[in-house]
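Reviewing the structure listed below.
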Amino acid sequence: MFLNQFLFLAAILFCIGVYGVLTRKNGVLVLMSIELILNAVNINLVAFGAFHQHLSGQVFALFVIAVAAAEVGVGLAIVLLIYRNRRSINVAEANILKG
Amino acid sequence: MMNLVLQTALSDTGNWIANIFFYIIAAVAVVAALKMVTTNNVVHASLYLLVVLSAVAATYVILGAEFAAATQVLVYLGAIMVLLLFGVMLTRAKIGAETDLDYDQRWIGALVATALGAVMMYSLWEGFGDVTMPAEQVPQRTEAVADEIFSTYIVPFEALSVLLLAALIGAVVVARRD
């Protein structure tokens, strides 16, 4: 097995996640794409951990999973607040700060 | 069961089996991820995300990271997916297809993602062209992971628990109805 096959999978998933973040208007779908990006990074961490026969990679992946859980909780709370105030979670319409 | 799969995947003779499994899993993950960012049904998108997350857990098993795989299933497939589905439900997404989920200028996003992917793959190819994984891979045992977390990484671990508490309280404060 090559190290690169895991890194390429992670790179492809990362780019698909970036595409999702850039093109989706729906707030929940943007959060899902961010989850995709975080998972791609986790594959990298675990792959390098296995490559170096070292546990740090797996431990960092676990930390990222925990931070992602916190991020989804706060992110969904914000999306719900936007929905309650504007009756829509279209992030393109949340433009009050625009000068 | 998991141990059996791990031992088969990591033994020398099982290396090509692990390879075949990896490519099947990678194909499933990429196709499901593409469907996730292009479908125009929010519930379908979350179900495609479920497929991707399971495939990532399977990749962890191939890499011998059993505890990360178990955590992925518990936290991502169990907790985060339920949270996201709650988000879909509470924002009253339409049942069925929607028309207004994407920006009109989709090609800009596609261009940025393709350019980023090209740069990343070029540098990966230059950097790790034919580097192979160690031949006699051993699964990283949960016991060893626990030792590592509670010795080397004890301070980040405690900071993480405070962060989780802060995020939980923050989410309650933000989403609470007054």
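Going through the structure tokens in order, the chains are called A, B, and so on, while each chain numbers its residues from 1 and the ligands are numbered from 1 in the order shown.
For chain A, backbone-based DSSP assignment of strand (DSSP E or B) covers Phe2, Arg24, Asn26 and Asn90 of chain A.
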Next, the residues of the selection above should be written as an mmCIF file, in the first residue's frame with C-alpha atoms.
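Full text of selection34.cif as output:
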data_model
loop_
_atom_site.group_PDB
_atom_site.id
_atom_site.type_symbol
_atom_site.label_atom_id
_atom_site.label_comp_id
_atom_site.auth_asym_id
_atom_site.auth_seq_id
_atom_site.Cartn_x
_atom_site.Cartn_y
_atom_site.Cartn_z
ATOM 1 C CA PHE A 2 1.211 3.486 -0.841
ATOM 2 C CA ARG A 24 -24.289 25.921 -1.166
ATOM 3 C CA ASN A 26 -28.465 26.468 2.670
ATOM 4 C CA ASN A 90 -30.281 31.088 2.958
#
Within 6 Å of chain A, which residues of chain B are there when counting only C-alpha atoms? Please give them as number ranges by chain.
-> B: 37, 101-103, 106, 109-110, 113, 117, 131-133, 164, 167, 171, 175
Distance query segment 84-99 of chain B at most 6 Å, only C-alpha atoms, self and fewer than 3 positions along chain excluded, as a PDB file with C-alpha atoms, in the first residue's frame:
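See part-v6.pdb below for the written result:
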ATOM      1  CA  ASN B  40     -31.056  19.257  -4.409  1.00  0.00           C
ATOM      2  CA  ASN B  41     -32.702  17.452  -1.499  1.00  0.00           C
ATOM      3  CA  MET B  81     -25.711  13.190  12.117  1.00  0.00           C
TER       4      MET B  81
END
